[in-house]
file upload_22.pdb (PDB, N, CA and C atoms)
ATOM      1  N   MET P   1     -70.239 -11.274  15.850
ATOM      2  CA  MET P   1     -68.959 -11.413  16.491
ATOM      3  C   MET P   1     -68.061 -10.215  16.178
ATOM      4  N   LYS P   2     -68.133  -9.739  14.914
ATOM      5  CA  LYS P   2     -67.332  -8.576  14.546
ATOM      6  C   LYS P   2     -67.722  -7.366  15.376
ATOM      7  N   LYS P   3     -69.026  -7.243  15.648
ATOM      8  CA  LYS P   3     -69.524  -6.115  16.437
ATOM      9  C   LYS P   3     -68.949  -6.167  17.852
ATOM     10  N   LEU P   4     -68.880  -7.367  18.425
ATOM     11  CA  LEU P   4     -68.362  -7.528  19.776
ATOM     12  C   LEU P   4     -66.882  -7.180  19.831
ATOM     13  N   ILE P   5     -66.114  -7.652  18.846
ATOM     14  CA  ILE P   5     -64.686  -7.340  18.802
ATOM     15  C   ILE P   5     -64.485  -5.839  18.633
ATOM     16  N   PHE P   6     -65.281  -5.209  17.771
ATOM     17  CA  PHE P   6     -65.199  -3.768  17.566
ATOM     18  C   PHE P   6     -65.516  -3.018  18.854
ATOM     19  N   SER P   7     -66.522  -3.506  19.604
ATOM     20  CA  SER P   7     -66.899  -2.853  20.857
ATOM     21  C   SER P   7     -65.769  -2.918  21.874
ATOM     22  N   PHE P   8     -65.103  -4.064  21.964
ATOM     23  CA  PHE P   8     -63.986  -4.166  22.897
ATOM     24  C   PHE P   8     -62.818  -3.303  22.449
ATOM     25  N   ALA P   9     -62.666  -3.110  21.134
ATOM     26  CA  ALA P   9     -61.619  -2.216  20.643
ATOM     27  C   ALA P   9     -61.910  -0.783  21.074
ATOM     28  N   ILE P  10     -63.181  -0.395  21.056
ATOM     29  CA  ILE P  10     -63.561   0.948  21.495
ATOM     30  C   ILE P  10     -63.304   1.099  22.990
ATOM     31  N   ILE P  11     -63.633   0.060  23.756
ATOM     32  CA  ILE P  11     -63.380   0.111  25.197
ATOM     33  C   ILE P  11     -61.894   0.307  25.452
ATOM     34  N   SER P  12     -61.070  -0.401  24.690
ATOM     35  CA  SER P  12     -59.627  -0.255  24.851
ATOM     36  C   SER P  12     -59.175   1.158  24.519
ATOM     37  N   SER P  13     -59.810   1.766  23.505
ATOM     38  CA  SER P  13     -59.427   3.128  23.148
ATOM     39  C   SER P  13     -59.828   4.120  24.235
ATOM     40  N   LEU P  14     -60.903   3.817  24.976
ATOM     41  CA  LEU P  14     -61.310   4.695  26.075
ATOM     42  C   LEU P  14     -60.257   4.719  27.173
ATOM     43  N   SER P  15     -59.495   3.653  27.300
ATOM     44  CA  SER P  15     -58.488   3.611  28.352
ATOM     45  C   SER P  15     -57.378   4.627  28.105
ATOM     46  N   SER P  16     -57.268   5.140  26.885
ATOM     47  CA  SER P  16     -56.257   6.153  26.612
ATOM     48  C   SER P  16     -56.576   7.473  27.301
ATOM     49  N   TYR P  17     -57.818   7.643  27.755
ATOM     50  CA  TYR P  17     -58.188   8.856  28.481
ATOM     51  C   TYR P  17     -57.598   8.879  29.885
ATOM     52  N   SER P  18     -57.290   7.702  30.414
ATOM     53  CA  SER P  18     -56.798   7.665  31.793
ATOM     54  C   SER P  18     -55.425   8.302  31.867
ATOM     55  N   GLN P  19     -55.225   9.036  32.928
ATOM     56  CA  GLN P  19     -53.934   9.692  33.125
ATOM     57  C   GLN P  19     -53.096   8.822  34.029
ATOM     58  N   SER P  20     -51.928   8.505  33.571
ATOM     59  CA  SER P  20     -51.030   7.651  34.331
ATOM     60  C   SER P  20     -49.748   8.418  34.626
ATOM     61  N   THR P  21     -49.239   8.257  35.851
ATOM     62  CA  THR P  21     -47.998   8.938  36.211
ATOM     63  C   THR P  21     -46.789   8.184  35.677
ATOM     64  N   SER P  22     -46.954   6.898  35.416
ATOM     65  CA  SER P  22     -45.839   6.126  34.873
ATOM     66  C   SER P  22     -45.913   6.131  33.348
ATOM     67  N   THR P  23     -44.841   5.686  32.725
ATOM     68  CA  THR P  23     -44.813   5.645  31.262
ATOM     69  C   THR P  23     -45.564   4.448  30.716
ATOM     70  N   GLU P  24     -45.814   3.434  31.550
ATOM     71  CA  GLU P  24     -46.557   2.264  31.102
ATOM     72  C   GLU P  24     -48.047   2.526  31.209
ATOM     73  N   LYS P  25     -48.769   2.116  30.166
ATOM     74  CA  LYS P  25     -50.228   2.243  30.209
ATOM     75  C   LYS P  25     -50.822   0.956  30.758
ATOM     76  N   LYS P  26     -51.886   1.107  31.523
ATOM     77  CA  LYS P  26     -52.570  -0.060  32.041
ATOM     78  C   LYS P  26     -53.337  -0.724  30.904
ATOM     79  N   LYS P  27     -53.209  -2.018  30.799
ATOM     80  CA  LYS P  27     -53.910  -2.763  29.774
ATOM     81  C   LYS P  27     -55.225  -3.270  30.346
ATOM     82  N   GLU P  28     -56.241  -3.330  29.492
ATOM     83  CA  GLU P  28     -57.549  -3.868  29.844
ATOM     84  C   GLU P  28     -58.173  -3.162  31.037
ATOM     85  N   SER P  29     -57.983  -1.856  31.144
ATOM     86  CA  SER P  29     -58.607  -1.127  32.237
ATOM     87  C   SER P  29     -59.487  -0.023  31.673
ATOM     88  N   ILE P  30     -60.550   0.238  32.373
ATOM     89  CA  ILE P  30     -61.476   1.302  32.012
ATOM     90  C   ILE P  30     -61.215   2.447  32.979
ATOM     91  N   PRO P  31     -61.067   3.654  32.464
ATOM     92  CA  PRO P  31     -60.825   4.777  33.376
ATOM     93  C   PRO P  31     -61.989   4.982  34.337
ATOM     94  N   GLU P  32     -61.680   5.540  35.485
ATOM     95  CA  GLU P  32     -62.715   5.770  36.495
ATOM     96  C   GLU P  32     -63.710   6.840  36.073
ATOM     97  N   ASP P  33     -63.365   7.652  35.072
ATOM     98  CA  ASP P  33     -64.285   8.700  34.640
ATOM     99  C   ASP P  33     -65.202   8.250  33.504
ATOM    100  N   VAL P  34     -65.407   6.932  33.376
ATOM    101  CA  VAL P  34     -66.353   6.372  32.422
ATOM    102  C   VAL P  34     -67.402   5.596  33.213
ATOM    103  N   ALA P  35     -68.676   5.924  33.001
ATOM    104  CA  ALA P  35     -69.765   5.248  33.696
ATOM    105  C   ALA P  35     -70.070   3.939  32.974
ATOM    106  N   VAL P  36     -70.186   2.850  33.745
ATOM    107  CA  VAL P  36     -70.487   1.540  33.180
ATOM    108  C   VAL P  36     -71.858   1.106  33.686
ATOM    109  N   PHE P  37     -72.773   0.851  32.753
ATOM    110  CA  PHE P  37     -74.118   0.409  33.094
ATOM    111  C   PHE P  37     -74.309  -1.012  32.576
ATOM    112  N   ILE P  38     -74.672  -1.925  33.462
ATOM    113  CA  ILE P  38     -74.993  -3.291  33.060
ATOM    114  C   ILE P  38     -76.450  -3.513  33.394
ATOM    115  N   ASP P  39     -77.244  -3.798  32.365
ATOM    116  CA  ASP P  39     -78.699  -3.937  32.508
ATOM    117  C   ASP P  39     -79.291  -2.750  33.262
ATOM    118  N   ALA P  40     -78.905  -1.553  32.840
ATOM    119  CA  ALA P  40     -79.413  -0.268  33.333
ATOM    120  C   ALA P  40     -79.013   0.041  34.784
ATOM    121  N   GLN P  41     -78.068  -0.688  35.345
ATOM    122  CA  GLN P  41     -77.593  -0.437  36.697
ATOM    123  C   GLN P  41     -76.150   0.063  36.630
ATOM    124  N   LEU P  42     -75.871   1.190  37.264
ATOM    125  CA  LEU P  42     -74.520   1.725  37.333
ATOM    126  C   LEU P  42     -73.657   0.771  38.149
ATOM    127  N   THR P  43     -72.542   0.328  37.553
ATOM    128  CA  THR P  43     -71.675  -0.623  38.235
ATOM    129  C   THR P  43     -70.232  -0.157  38.179
ATOM    130  N   ASN P  44     -69.392  -0.868  38.859
ATOM    131  CA  ASN P  44     -67.963  -0.611  38.883
ATOM    132  C   ASN P  44     -67.349  -1.148  37.590
ATOM    133  N   SER P  45     -66.374  -0.458  37.045
ATOM    134  CA  SER P  45     -65.746  -0.911  35.801
ATOM    135  C   SER P  45     -65.003  -2.228  35.979
ATOM    136  N   GLU P  46     -64.667  -2.593  37.206
ATOM    137  CA  GLU P  46     -63.981  -3.868  37.466
ATOM    138  C   GLU P  46     -64.895  -5.058  37.187
ATOM    139  N   VAL P  47     -66.203  -4.852  37.190
ATOM    140  CA  VAL P  47     -67.152  -5.932  36.928
ATOM    141  C   VAL P  47     -66.994  -6.441  35.491
ATOM    142  N   LEU P  48     -66.527  -5.584  34.588
ATOM    143  CA  LEU P  48     -66.357  -5.985  33.191
ATOM    144  C   LEU P  48     -65.395  -7.148  33.033
ATOM    145  N   LYS P  49     -64.422  -7.263  33.907
ATOM    146  CA  LYS P  49     -63.443  -8.351  33.812
ATOM    147  C   LYS P  49     -64.076  -9.712  34.064
ATOM    148  N   SER P  50     -65.179  -9.745  34.793
ATOM    149  CA  SER P  50     -65.815 -11.022  35.122
ATOM    150  C   SER P  50     -66.894 -11.424  34.114
ATOM    151  N   ILE P  51     -67.188 -10.577  33.154
ATOM    152  CA  ILE P  51     -68.231 -10.869  32.173
ATOM    153  C   ILE P  51     -67.669 -11.719  31.039
ATOM    154  N   GLN P  52     -68.399 -12.765  30.693
ATOM    155  CA  GLN P  52     -68.034 -13.601  29.553
ATOM    156  C   GLN P  52     -68.628 -12.988  28.289
ATOM    157  N   PRO P  53     -67.869 -12.880  27.208
ATOM    158  CA  PRO P  53     -68.382 -12.273  25.973
ATOM    159  C   PRO P  53     -69.652 -12.942  25.440
ATOM    160  N   ASN P  54     -69.800 -14.236  25.646
ATOM    161  CA  ASN P  54     -70.995 -14.941  25.159
ATOM    162  C   ASN P  54     -72.254 -14.565  25.927
ATOM    163  N   ASP P  55     -72.105 -13.950  27.100
ATOM    164  CA  ASP P  55     -73.254 -13.545  27.909
ATOM    165  C   ASP P  55     -73.782 -12.165  27.548
ATOM    166  N   ILE P  56     -73.090 -11.447  26.655
ATOM    167  CA  ILE P  56     -73.488 -10.094  26.277
ATOM    168  C   ILE P  56     -74.427 -10.136  25.079
ATOM    169  N   GLU P  57     -75.591  -9.491  25.237
ATOM    170  CA  GLU P  57     -76.534  -9.382  24.119
ATOM    171  C   GLU P  57     -76.183  -8.180  23.243
ATOM    172  N   SER P  58     -75.916  -7.026  23.882
ATOM    173  CA  SER P  58     -75.540  -5.832  23.125
ATOM    174  C   SER P  58     -74.693  -4.916  23.989
ATOM    175  N   MET P  59     -73.958  -4.031  23.298
ATOM    176  CA  MET P  59     -73.090  -3.089  23.999
ATOM    177  C   MET P  59     -73.075  -1.786  23.219
ATOM    178  N   ASN P  60     -73.194  -0.672  23.921
ATOM    179  CA  ASN P  60     -73.132   0.651  23.301
ATOM    180  C   ASN P  60     -72.134   1.507  24.064
ATOM    181  N   ILE P  61     -71.368   2.280  23.316
ATOM    182  CA  ILE P  61     -70.375   3.185  23.888
ATOM    183  C   ILE P  61     -70.784   4.607  23.522
ATOM    184  N   VAL P  62     -70.828   5.492  24.512
ATOM    185  CA  VAL P  62     -71.162   6.894  24.275
ATOM    186  C   VAL P  62     -70.006   7.734  24.788
ATOM    187  N   LYS P  63     -69.399   8.495  23.896
ATOM    188  CA  LYS P  63     -68.288   9.376  24.283
ATOM    189  C   LYS P  63     -68.819  10.796  24.431
ATOM    190  N   LYS P  64     -69.566  11.015  25.485
ATOM    191  CA  LYS P  64     -70.169  12.316  25.743
ATOM    192  C   LYS P  64     -70.162  12.553  27.242
ATOM    193  N   ASP P  65     -69.813  13.764  27.639
ATOM    194  CA  ASP P  65     -69.821  14.099  29.061
ATOM    195  C   ASP P  65     -71.231  14.007  29.613
ATOM    196  N   THR P  66     -71.346  13.488  30.818
ATOM    197  CA  THR P  66     -72.635  13.368  31.475
ATOM    198  C   THR P  66     -72.427  13.434  32.988
ATOM    199  N   VAL P  67     -73.491  13.687  33.710
ATOM    200  CA  VAL P  67     -73.455  13.697  35.165
ATOM    201  C   VAL P  67     -74.430  12.638  35.663
ATOM    202  N   VAL P  68     -73.927  11.716  36.492
ATOM    203  CA  VAL P  68     -74.742  10.665  37.082
ATOM    204  C   VAL P  68     -74.480  10.690  38.576
ATOM    205  N   ASN P  69     -75.543  10.798  39.360
ATOM    206  CA  ASN P  69     -75.425  10.845  40.825
ATOM    207  C   ASN P  69     -74.418  11.898  41.281
ATOM    208  N   SER P  70     -74.524  13.082  40.722
ATOM    209  CA  SER P  70     -73.674  14.236  41.061
ATOM    210  C   SER P  70     -72.197  14.023  40.731
ATOM    211  N   ARG P  71     -71.898  13.086  39.865
ATOM    212  CA  ARG P  71     -70.511  12.834  39.459
ATOM    213  C   ARG P  71     -70.409  12.977  37.942
ATOM    214  N   LYS P  72     -69.363  13.666  37.491
ATOM    215  CA  LYS P  72     -69.175  13.903  36.061
ATOM    216  C   LYS P  72     -68.383  12.752  35.444
ATOM    217  N   TYR P  73     -68.870  12.247  34.318
ATOM    218  CA  TYR P  73     -68.214  11.183  33.580
ATOM    219  C   TYR P  73     -67.923  11.665  32.164
ATOM    220  N   LYS P  74     -66.813  11.192  31.585
ATOM    221  CA  LYS P  74     -66.435  11.562  30.222
ATOM    222  C   LYS P  74     -67.063  10.656  29.174
ATOM    223  N   GLY P  75     -67.652   9.563  29.578
ATOM    224  CA  GLY P  75     -68.280   8.645  28.638
ATOM    225  C   GLY P  75     -69.091   7.607  29.379
ATOM    226  N   GLN P  76     -69.866   6.835  28.615
ATOM    227  CA  GLN P  76     -70.684   5.791  29.204
ATOM    228  C   GLN P  76     -70.565   4.525  28.375
ATOM    229  N   ILE P  77     -70.642   3.383  29.062
ATOM    230  CA  ILE P  77     -70.696   2.081  28.419
ATOM    231  C   ILE P  77     -71.988   1.422  28.890
ATOM    232  N   PHE P  78     -72.831   1.043  27.943
ATOM    233  CA  PHE P  78     -74.095   0.388  28.256
ATOM    234  C   PHE P  78     -74.012  -1.057  27.774
ATOM    235  N   ILE P  79     -74.211  -2.011  28.671
ATOM    236  CA  ILE P  79     -74.155  -3.426  28.333
ATOM    237  C   ILE P  79     -75.481  -4.058  28.701
ATOM    238  N   LYS P  80     -76.053  -4.791  27.734
ATOM    239  CA  LYS P  80     -77.271  -5.548  27.992
ATOM    240  C   LYS P  80     -76.898  -7.022  27.946
ATOM    241  N   MET P  81     -77.173  -7.715  29.037
ATOM    242  CA  MET P  81     -76.833  -9.127  29.141
ATOM    243  C   MET P  81     -77.947  -9.988  28.570
ATOM    244  N   LYS P  82     -77.579 -11.166  28.074
ATOM    245  CA  LYS P  82     -78.575 -12.126  27.583
ATOM    246  C   LYS P  82     -79.367 -12.639  28.766
ATOM    247  N   LYS P  83     -80.637 -12.905  28.541
ATOM    248  CA  LYS P  83     -81.491 -13.460  29.599
ATOM    249  C   LYS P  83     -81.149 -14.937  29.777
ATOM    250  N   LYS P  84     -81.034 -15.364  31.010
ATOM    251  CA  LYS P  84     -80.779 -16.777  31.294
ATOM    252  C   LYS P  84     -82.081 -17.547  31.161
ATOM    253  N   GLN P  85     -81.988 -18.703  30.534
ATOM    254  CA  GLN P  85     -83.219 -19.493  30.311
ATOM    255  C   GLN P  85     -83.318 -20.641  31.260
TER     256      GLN P  85
END
call {"tool": "encode", "arguments": {"input": "upload_22.pdb", "output": "structure tokens"}}
result
Amino acid sequence: MKKLIFSFAIISSLSSYSQSTSTEKKKESIPEDVAVFIDAQLTNSEVLKSIQPNDIESMNIVKKDTVVNSRKYKGQIFIKMKKKQ
């Protein structure tokens, strides 16, 4: 459980990379320049809002520039979901 809370804290810290024109920062948002992979499939960062924490088996955060499908990303989030029985 501590690992999961720590992972969400890292995700929140990634949101500081987003550039906002207003003085308010968006809460619980992932910047568009971070690639999100769920079960090895590139997905939209908005999908993270619909995921239940109990359904996550593991999560890894990589803060390294990469290019995926000719698009440059500043980081990656890899999520492996638990298998449904």
call {"tool": "residues_around", "arguments": {"input": "upload_22.pdb", "residues": "segment 70-75 of chain P", "least_positions_apart": "6", "cutoff": "6 Å", "atoms": "all atoms listed in the file", "output": "MDAnalysis selection string"}}
result
chainID P and resid 33:35 62:64
call {"tool": "atom_distance", "arguments": {"input": "upload_22.pdb", "atom1": "atom C of Asp65 of chain P", "atom2": "atom CA of Lys82 of chain P"}}
result
27.2 Å
call {"tool": "atom_distance", "arguments": {"input": "upload_22.pdb", "atom1": "atom N of Val68 of chain P", "atom2": "atom CA of Ile30 of chain P"}}
result
16.8 Å
call {"tool": "closest_residue", "arguments": {"input": "upload_22.pdb", "among": "P:Val47, P:Val36, P:Ile79, P:Leu42", "to": "Met59 of chain P", "atoms": "only N, CA and C atoms"}}
result
P:Ile79
call {"tool": "atom_distance", "arguments": {"input": "upload_22.pdb", "atom1": "atom C of Ile51 of chain P", "atom2": "atom N of Val67 of chain P"}}
result
26.2 Å
call {"tool": "select_by_dssp", "arguments": {"input": "upload_22.pdb", "residues": "segment 32-79 of chain P", "states": "strand (DSSP E)", "output": "PyMOL selection string"}}
result
chain P and resi 34-38+41-43+56-62+66-68+71-73+75-79
call {"tool": "write_last_selection", "arguments": {"input": "upload_22.pdb", "atoms": "N, CA and C atoms", "output": "PDB file, in the frame of the given file"}}
result
ATOM      1  N   VAL P  34     -65.407   6.932  33.376  1.00  0.00           N
ATOM      2  CA  VAL P  34     -66.353   6.372  32.422  1.00  0.00           C
ATOM      3  C   VAL P  34     -67.402   5.596  33.213  1.00  0.00           C
ATOM      4  N   ALA P  35     -68.676   5.924  33.001  1.00  0.00           N
ATOM      5  CA  ALA P  35     -69.765   5.248  33.696  1.00  0.00           C
ATOM      6  C   ALA P  35     -70.070   3.939  32.974  1.00  0.00           C
ATOM      7  N   VAL P  36     -70.186   2.850  33.745  1.00  0.00           N
ATOM      8  CA  VAL P  36     -70.487   1.540  33.180  1.00  0.00           C
ATOM      9  C   VAL P  36     -71.858   1.106  33.686  1.00  0.00           C
ATOM     10  N   PHE P  37     -72.773   0.851  32.753  1.00  0.00           N
ATOM     11  CA  PHE P  37     -74.118   0.409  33.094  1.00  0.00           C
ATOM     12  C   PHE P  37     -74.309  -1.012  32.576  1.00  0.00           C
ATOM     13  N   ILE P  38     -74.672  -1.925  33.462  1.00  0.00           N
ATOM     14  CA  ILE P  38     -74.993  -3.291  33.060  1.00  0.00           C
ATOM     15  C   ILE P  38     -76.450  -3.513  33.394  1.00  0.00           C
ATOM     16  N   GLN P  41     -78.068  -0.688  35.345  1.00  0.00           N
ATOM     17  CA  GLN P  41     -77.593  -0.437  36.697  1.00  0.00           C
ATOM     18  C   GLN P  41     -76.150   0.063  36.630  1.00  0.00           C
ATOM     19  N   LEU P  42     -75.871   1.190  37.264  1.00  0.00           N
ATOM     20  CA  LEU P  42     -74.520   1.725  37.333  1.00  0.00           C
ATOM     21  C   LEU P  42     -73.657   0.771  38.149  1.00  0.00           C
ATOM     22  N   THR P  43     -72.542   0.328  37.553  1.00  0.00           N
ATOM     23  CA  THR P  43     -71.675  -0.623  38.235  1.00  0.00           C
ATOM     24  C   THR P  43     -70.232  -0.157  38.179  1.00  0.00           C
ATOM     25  N   ILE P  56     -73.090 -11.447  26.655  1.00  0.00           N
ATOM     26  CA  ILE P  56     -73.488 -10.094  26.277  1.00  0.00           C
ATOM     27  C   ILE P  56     -74.427 -10.136  25.079  1.00  0.00           C
ATOM     28  N   GLU P  57     -75.591  -9.491  25.237  1.00  0.00           N
ATOM     29  CA  GLU P  57     -76.534  -9.382  24.119  1.00  0.00           C
ATOM     30  C   GLU P  57     -76.183  -8.180  23.243  1.00  0.00           C
ATOM     31  N   SER P  58     -75.916  -7.026  23.882  1.00  0.00           N
ATOM     32  CA  SER P  58     -75.540  -5.832  23.125  1.00  0.00           C
ATOM     33  C   SER P  58     -74.693  -4.916  23.989  1.00  0.00           C
ATOM     34  N   MET P  59     -73.958  -4.031  23.298  1.00  0.00           N
ATOM     35  CA  MET P  59     -73.090  -3.089  23.999  1.00  0.00           C
ATOM     36  C   MET P  59     -73.075  -1.786  23.219  1.00  0.00           C
ATOM     37  N   ASN P  60     -73.194  -0.672  23.921  1.00  0.00           N
ATOM     38  CA  ASN P  60     -73.132   0.651  23.301  1.00  0.00           C
ATOM     39  C   ASN P  60     -72.134   1.507  24.064  1.00  0.00           C
ATOM     40  N   ILE P  61     -71.368   2.280  23.316  1.00  0.00           N
ATOM     41  CA  ILE P  61     -70.375   3.185  23.888  1.00  0.00           C
ATOM     42  C   ILE P  61     -70.784   4.607  23.522  1.00  0.00           C
ATOM     43  N   VAL P  62     -70.828   5.492  24.512  1.00  0.00           N
ATOM     44  CA  VAL P  62     -71.162   6.894  24.275  1.00  0.00           C
ATOM     45  C   VAL P  62     -70.006   7.734  24.788  1.00  0.00           C
ATOM     46  N   THR P  66     -71.346  13.488  30.818  1.00  0.00           N
ATOM     47  CA  THR P  66     -72.635  13.368  31.475  1.00  0.00           C
ATOM     48  C   THR P  66     -72.427  13.434  32.988  1.00  0.00           C
ATOM     49  N   VAL P  67     -73.491  13.687  33.710  1.00  0.00           N
ATOM     50  CA  VAL P  67     -73.455  13.697  35.165  1.00  0.00           C
ATOM     51  C   VAL P  67     -74.430  12.638  35.663  1.00  0.00           C
ATOM     52  N   VAL P  68     -73.927  11.716  36.492  1.00  0.00           N
ATOM     53  CA  VAL P  68     -74.742  10.665  37.082  1.00  0.00           C
ATOM     54  C   VAL P  68     -74.480  10.690  38.576  1.00  0.00           C
ATOM     55  N   ARG P  71     -71.898  13.086  39.865  1.00  0.00           N
ATOM     56  CA  ARG P  71     -70.511  12.834  39.459  1.00  0.00           C
ATOM     57  C   ARG P  71     -70.409  12.977  37.942  1.00  0.00           C
ATOM     58  N   LYS P  72     -69.363  13.666  37.491  1.00  0.00           N
ATOM     59  CA  LYS P  72     -69.175  13.903  36.061  1.00  0.00           C
ATOM     60  C   LYS P  72     -68.383  12.752  35.444  1.00  0.00           C
ATOM     61  N   TYR P  73     -68.870  12.247  34.318  1.00  0.00           N
ATOM     62  CA  TYR P  73     -68.214  11.183  33.580  1.00  0.00           C
ATOM     63  C   TYR P  73     -67.923  11.665  32.164  1.00  0.00           C
ATOM     64  N   GLY P  75     -67.652   9.563  29.578  1.00  0.00           N
ATOM     65  CA  GLY P  75     -68.280   8.645  28.638  1.00  0.00           C
ATOM     66  C   GLY P  75     -69.091   7.607  29.379  1.00  0.00           C
ATOM     67  N   GLN P  76     -69.866   6.835  28.615  1.00  0.00           N
ATOM     68  CA  GLN P  76     -70.684   5.791  29.204  1.00  0.00           C
ATOM     69  C   GLN P  76     -70.565   4.525  28.375  1.00  0.00           C
ATOM     70  N   ILE P  77     -70.642   3.383  29.062  1.00  0.00           N
ATOM     71  CA  ILE P  77     -70.696   2.081  28.419  1.00  0.00           C
ATOM     72  C   ILE P  77     -71.988   1.422  28.890  1.00  0.00           C
ATOM     73  N   PHE P  78     -72.831   1.043  27.943  1.00  0.00           N
ATOM     74  CA  PHE P  78     -74.095   0.388  28.256  1.00  0.00           C
ATOM     75  C   PHE P  78     -74.012  -1.057  27.774  1.00  0.00           C
ATOM     76  N   ILE P  79     -74.211  -2.011  28.671  1.00  0.00           N
ATOM     77  CA  ILE P  79     -74.155  -3.426  28.333  1.00  0.00           C
ATOM     78  C   ILE P  79     -75.481  -4.058  28.701  1.00  0.00           C
TER      79      ILE P  79
END
